[in-house]
Amino acid sequence: MKKKIFIVVLAALLVCACCGCRPVNGIDGRDGQDLSIYEVYEAANRARTEQGLEQISFLDFLHEYLNYDFTYSEEKAEREIINRSVMSCTAVLSGFMYKGVHIDRMVYYAGSGVIVDIDKTAGDAYIVTNCHVVYDDGSANMYADVVYVYLYGNDGVQDKDGQITEGIKAEIVGASLTYDLALLKVSGCDEFKSGEFTAASFAEEEEVFAGSEVFTIGNPEGTGISVTKGIISRESEIISVNLSTVHADDDRYATEFRVIRTDTAVNGGNSGGGLFDSSGMLVGIVNSKAVSEEIENMGYALAGSYARRLWLLMRDGCSSNDKLTRYGVHRAAAPAYDYTSSAYFDNEKNLAVIRDKVYATSSSDGIMQGDIFRRIKIVDTEGRTVEDVEITRYFNLEDALLSARDNYKIIYTVEREGEERTVETKPSFTNIP
């Protein structure tokens with residue numbers, strides 16, 4: 001008899017406004033430590049970029065620039081990395097209105113978020129979270145009627161009487177059920193202007209590796225931002241998760257996601273939080289865990305290799321198209337799906353992976369059936385290369401395509417009949433509905 005393993009998302013129910021509140025811990029956050037060394041680190045990386053050099057990790061920076069002695073202070077360095085990463089994470093509280101026969105009620109769900117861009121002068125920031133943190137198809141408007149974020153040191157979502165405390169109000173500017181990612185924006189926030197908060201840096205590597213040390217930062221059970229530590233148990237796998245509350249028991253509403261598995265402890269409320277490597281680089285966005293009486297420590301995070309591209313796509317889609325869906329959410333979600341399918345390949349119909357080689361199984365836009373994809377290069381309208389990725393697995397191709405924009409060049413290197421050749425396409429996304 002086969003055992004069914006349930007994969008559950010990690011948004012935590014906090015309170016129903018019409019029936020009272022329950023108290024939670026975590027309202028007495030402490031201030032972040034002085035992390036000015038990171039300002040030097042970031043300046044060094046900017047200088048390296050200007051010189052055409054690759055950016056380096058924080059640990060390598062300490063060793064190369066400051067002759068940092070790791071023999072006696074590895075623990076201190078790790079603590080500094082974690083404390084700096086904490087300052088790029090937020091608690092999230094989403095309020096949904098539910099229509100009743102006699103009374104309407106507001107229900108709140110706790111989640112987490114990661115700051116991915118910050119303008120300290122203006123007090124603006126973009127924050128990535130899970131789509132399911134701000135989406136509930138059983139609510140009146142499907143997307144959250146109100147979203148608050150809470151920064152480290154002030155991350156209690158309820159006061160001592162159990163009442164919801166308003167955080168920093170955020171706007172949903174992008175949401176994709178296809179990827180279970182959403183993009184929030186905070187504008188004109190004084191705490192961002194004056195505090196030590198910073199944007200997380202995504203790992204640039206296309207792949208992560210099993211056995212690597214990682215830590216998660218999130219808001220478990222709505223109790224405030226906290227850290228857990230573990231390793232990557234499996235670097236890439238596909239899981240199926242149903243994000244619908246109306247059709248929660250219907251597998252037809254499930255969506256497949258490519259994830260990283262970790263044994264790091266994750267719980268309800270960790271949804272949307274960061275999975276960081278030992279250098280403090282963001283490698284994933286936590287979204288779910290396996291639940292069974294016989295299972296322990298099987299958490300999952302959406303791969304950072306597409307999250308770091310997708311949030312930019314959502315931002316650009318929102319800024320170029322201010323129209324709203326009927327649910328009031330900016331239409332950044334539509335191209336987030338269509339760009340990836342427009343390669344114009346579909347994982348089940350147009351591509352096959354055989355012995356770590358990605359084959360085209362049909363012809364399209366200069367690609368011939370039987371071509372083996374070796375590389376994808378994307379060039380913007382100014383002639384700048386925005387992607388140059390070797391293709392060894394299907395997701396290398398799919399993720400890179402998230403960087404495509406209207407009239408960008410997409411140049412494939414393919415192997416055809418034993419010879420390599422390039423195929424150039426120039427897709428247009430102007431008519432995406």
# chains A, B, ... in the order shown; residues from 1 in each chain; ligands from 1

call {"tool": "residues_around", "arguments": {"residues": "region 267-283 of chain A", "least_positions_apart": "5", "cutoff": "7 Å", "atoms": "only C-alpha atoms", "output": "JSON, numbers by chain"}}
result
{"A": [9, 10, 11, 12, 57, 58, 59, 81, 82, 85, 110, 111, 112, 113, 114, 128, 129, 130, 133, 200, 201, 202, 203, 213, 214, 215, 216, 217, 218, 219, 220, 221, 222, 288, 301, 303, 304]}

call {"tool": "write_last_selection", "arguments": {"atoms": "C-alpha atoms", "output": "tab-separated table (two decimals), in the first residue's frame"}}
result
chain	number	residue	atom	x	y	z
A	9	VAL	CA	2.27	25.47	2.30
A	10	LEU	CA	3.49	27.39	5.30
A	11	ALA	CA	1.30	30.45	5.72
A	12	ALA	CA	0.04	30.41	9.30
A	57	SER	CA	31.34	36.31	-0.90
A	58	PHE	CA	31.51	38.00	2.46
A	59	LEU	CA	33.82	35.32	3.86
A	81	ILE	CA	26.57	36.77	8.35
A	82	ILE	CA	23.35	35.59	9.96
A	85	SER	CA	20.87	38.47	6.69
A	110	ALA	CA	1.25	35.24	8.86
A	111	GLY	CA	4.09	34.74	6.43
A	112	SER	CA	7.59	35.96	5.74
A	113	GLY	CA	9.39	38.04	3.14
A	114	VAL	CA	12.84	38.94	1.85
A	128	VAL	CA	9.57	38.90	-2.28
A	129	THR	CA	7.17	36.47	-0.63
A	130	ASN	CA	5.07	33.48	-1.67
A	133	VAL	CA	0.78	34.32	1.44
A	200	ALA	CA	19.56	40.34	0.28
A	201	SER	CA	21.90	39.25	-2.50
A	202	PHE	CA	20.88	36.28	-4.62
A	203	ALA	CA	23.46	33.61	-5.31
A	213	GLU	CA	25.14	24.32	4.94
A	214	VAL	CA	22.14	26.67	4.85
A	215	PHE	CA	19.98	28.65	7.24
A	216	THR	CA	16.42	29.91	7.00
A	217	ILE	CA	15.03	33.18	8.28
A	218	GLY	CA	11.31	33.58	8.66
A	219	ASN	CA	8.32	34.25	10.88
A	220	PRO	CA	7.21	30.82	12.20
A	221	GLU	CA	3.68	30.81	13.59
A	222	GLY	CA	3.68	34.61	13.45
A	288	SER	CA	6.27	24.27	1.94
A	301	ALA	CA	12.31	26.24	-0.91
A	303	ALA	CA	14.87	27.83	-6.33
A	304	GLY	CA	16.61	31.18	-6.10

call {"tool": "closest_residue", "arguments": {"among": "A:Asp263, A:Glu205, A:Asp250, A:Glu417", "to": "Ile231 (chain A)", "atoms": "only C-alpha atoms"}}
result
A:Asp263

call {"tool": "select_by_dssp", "arguments": {"residues": "region 132-331 of chain A", "states": "strand (DSSP E)", "output": "VMD selection string"}}
result
chain A and resid 146 to 151 168 to 176 181 to 186 213 to 218 226 to 242 254 to 262 274 to 277 282 to 291 299 to 303

call {"tool": "atom_distance", "arguments": {"atom1": "CA of Gly167 (chain A)", "atom2": "CA of Gly195 (chain A)"}}
result
15.4 Å

call {"tool": "select_by_dssp", "arguments": {"residues": "region 11-259 of chain A", "states": "helix (DSSP H, G or I)", "output": "ChimeraX atom specification"}}
result
/A:37-50,58-66,74-86,131-133,190-194,220-222,251-253

call {"tool": "residues_around", "arguments": {"residues": "Asp365 (chain A)", "least_positions_apart": "2", "cutoff": "8 Å", "atoms": "only C-alpha atoms", "output": "ChimeraX atom specification"}}
result
/A:363,367,425

call {"tool": "write_last_selection", "arguments": {"atoms": "C-alpha atoms", "output": "PDB file, in the first residue's frame"}}
result
ATOM      1  CA  SER A 363      10.825  22.620 -34.842  1.00  0.00           C
ATOM      2  CA  ILE A 367      15.216  25.370 -33.893  1.00  0.00           C
ATOM      3  CA  THR A 425      15.223  34.736 -32.281  1.00  0.00           C
TER       4      THR A 425
END

call {"tool": "closest_residue", "arguments": {"among": "A:Lys357, A:Lys193, A:Arg421, A:Lys169", "to": "Gly123 (chain A)", "atoms": "only C-alpha atoms"}}
result
A:Lys193

call {"tool": "atom_distance", "arguments": {"atom1": "CA of Gly174 (chain A)", "atom2": "CA of Leu402 (chain A)"}}
result
14.2 Å

call {"tool": "closest_residue", "arguments": {"among": "A:Glu191, A:Asp104, A:Glu204, A:Asp137", "to": "Thr121 (chain A)", "atoms": "only C-alpha atoms"}}
result
A:Glu191

call {"tool": "atom_distance", "arguments": {"atom1": "CA of Glu50 (chain A)", "atom2": "CA of Asp124 (chain A)"}}
result
25.4 Å

call {"tool": "closest_residue", "arguments": {"among": "A:Val186, A:Ala199, A:Leu151, A:Ala122", "to": "Ser88 (chain A)", "atoms": "only C-alpha atoms"}}
result
A:Ala199

call {"tool": "residues_around", "arguments": {"residues": "Gly299 (chain A)", "least_positions_apart": "6", "cutoff": "9 Å", "atoms": "only C-alpha atoms", "output": "JSON, numbers by chain"}}
result
{"A": [260, 261, 262, 263, 264, 265, 266, 267, 286, 287, 288, 289, 290]}

call {"tool": "closest_residue", "arguments": {"among": "A:Arg79, A:Leu13, A:Asn242, A:Leu53", "to": "Val107 (chain A)", "atoms": "only C-alpha atoms"}}
result
A:Leu13

call {"tool": "closest_atom_pairs", "arguments": {"of": "region 188-290 of chain A", "to": "region 138-143 of chain A", "cutoff": "12 Å", "atoms": "only C-alpha atoms", "output": "Markdown table"}}
result
| residue | atom | partner | partner_atom | distance |
| --- | --- | --- | --- | --- |
| A:Leu243 | CA | A:Gly138 | CA | 10.9 |
| A:Ser244 | CA | A:Gly138 | CA | 7.9 |
| A:Thr245 | CA | A:Gly138 | CA | 6.0 |
| A:Val246 | CA | A:Gly138 | CA | 5.4 |
| A:His247 | CA | A:Gly138 | CA | 9.1 |
| A:Ala248 | CA | A:Gly138 | CA | 10.3 |

call {"tool": "closest_residue", "arguments": {"among": "A:Ala254, A:Ile411, A:Ile118, A:Ile238", "to": "Gly188 (chain A)", "atoms": "only C-alpha atoms"}}
result
A:Ile118

call {"tool": "decode", "arguments": {"residues": "region 229-267 of chain A", "atoms": "C-alpha atoms", "output": "PDB file, in the first residue's frame"}}
result
ATOM      1  CA  LYS A 229      20.102  26.009  10.466  1.00  0.00           C
ATOM      2  CA  GLY A 230      20.658  22.819   8.485  1.00  0.00           C
ATOM      3  CA  ILE A 231      21.859  21.531   5.134  1.00  0.00           C
ATOM      4  CA  ILE A 232      20.539  21.088   1.620  1.00  0.00           C
ATOM      5  CA  SER A 233      19.178  17.555   1.492  1.00  0.00           C
ATOM      6  CA  ARG A 234      18.455  17.511  -2.244  1.00  0.00           C
ATOM      7  CA  GLU A 235      19.473  20.234  -4.672  1.00  0.00           C
ATOM      8  CA  SER A 236      16.537  19.954  -7.083  1.00  0.00           C
ATOM      9  CA  GLU A 237      13.248  18.087  -7.236  1.00  0.00           C
ATOM     10  CA  ILE A 238       9.669  18.554  -8.337  1.00  0.00           C
ATOM     11  CA  ILE A 239       6.829  18.647  -5.817  1.00  0.00           C
ATOM     12  CA  SER A 240       3.105  19.102  -6.340  1.00  0.00           C
ATOM     13  CA  VAL A 241       1.271  21.585  -4.131  1.00  0.00           C
ATOM     14  CA  ASN A 242      -2.378  22.654  -4.152  1.00  0.00           C
ATOM     15  CA  LEU A 243      -2.587  26.401  -3.431  1.00  0.00           C
ATOM     16  CA  SER A 244      -6.388  26.470  -3.587  1.00  0.00           C
ATOM     17  CA  THR A 245      -8.454  26.622  -0.415  1.00  0.00           C
ATOM     18  CA  VAL A 246     -11.763  26.217  -2.268  1.00  0.00           C
ATOM     19  CA  HIS A 247     -10.551  23.050  -4.022  1.00  0.00           C
ATOM     20  CA  ALA A 248      -8.021  21.897  -1.425  1.00  0.00           C
ATOM     21  CA  ASP A 249      -8.878  18.205  -1.851  1.00  0.00           C
ATOM     22  CA  ASP A 250      -8.881  18.230  -5.656  1.00  0.00           C
ATOM     23  CA  ASP A 251      -5.517  17.241  -7.133  1.00  0.00           C
ATOM     24  CA  ARG A 252      -6.490  18.859 -10.434  1.00  0.00           C
ATOM     25  CA  TYR A 253      -5.794  22.219  -8.793  1.00  0.00           C
ATOM     26  CA  ALA A 254      -2.261  21.257  -7.757  1.00  0.00           C
ATOM     27  CA  THR A 255       0.755  22.938  -9.329  1.00  0.00           C
ATOM     28  CA  GLU A 256       4.234  21.510  -9.744  1.00  0.00           C
ATOM     29  CA  PHE A 257       7.191  23.510  -8.437  1.00  0.00           C
ATOM     30  CA  ARG A 258      10.929  22.976  -8.720  1.00  0.00           C
ATOM     31  CA  VAL A 259      12.343  23.187  -5.222  1.00  0.00           C
ATOM     32  CA  ILE A 260      15.378  22.671  -3.030  1.00  0.00           C
ATOM     33  CA  ARG A 261      14.877  20.242  -0.154  1.00  0.00           C
ATOM     34  CA  THR A 262      16.362  21.094   3.242  1.00  0.00           C
ATOM     35  CA  ASP A 263      16.358  19.586   6.710  1.00  0.00           C
ATOM     36  CA  THR A 264      16.326  23.083   8.204  1.00  0.00           C
ATOM     37  CA  ALA A 265      13.300  23.418  10.489  1.00  0.00           C
ATOM     38  CA  VAL A 266      10.419  25.266   8.811  1.00  0.00           C
ATOM     39  CA  ASN A 267       6.916  25.797  10.173  1.00  0.00           C
TER      40      ASN A 267
END
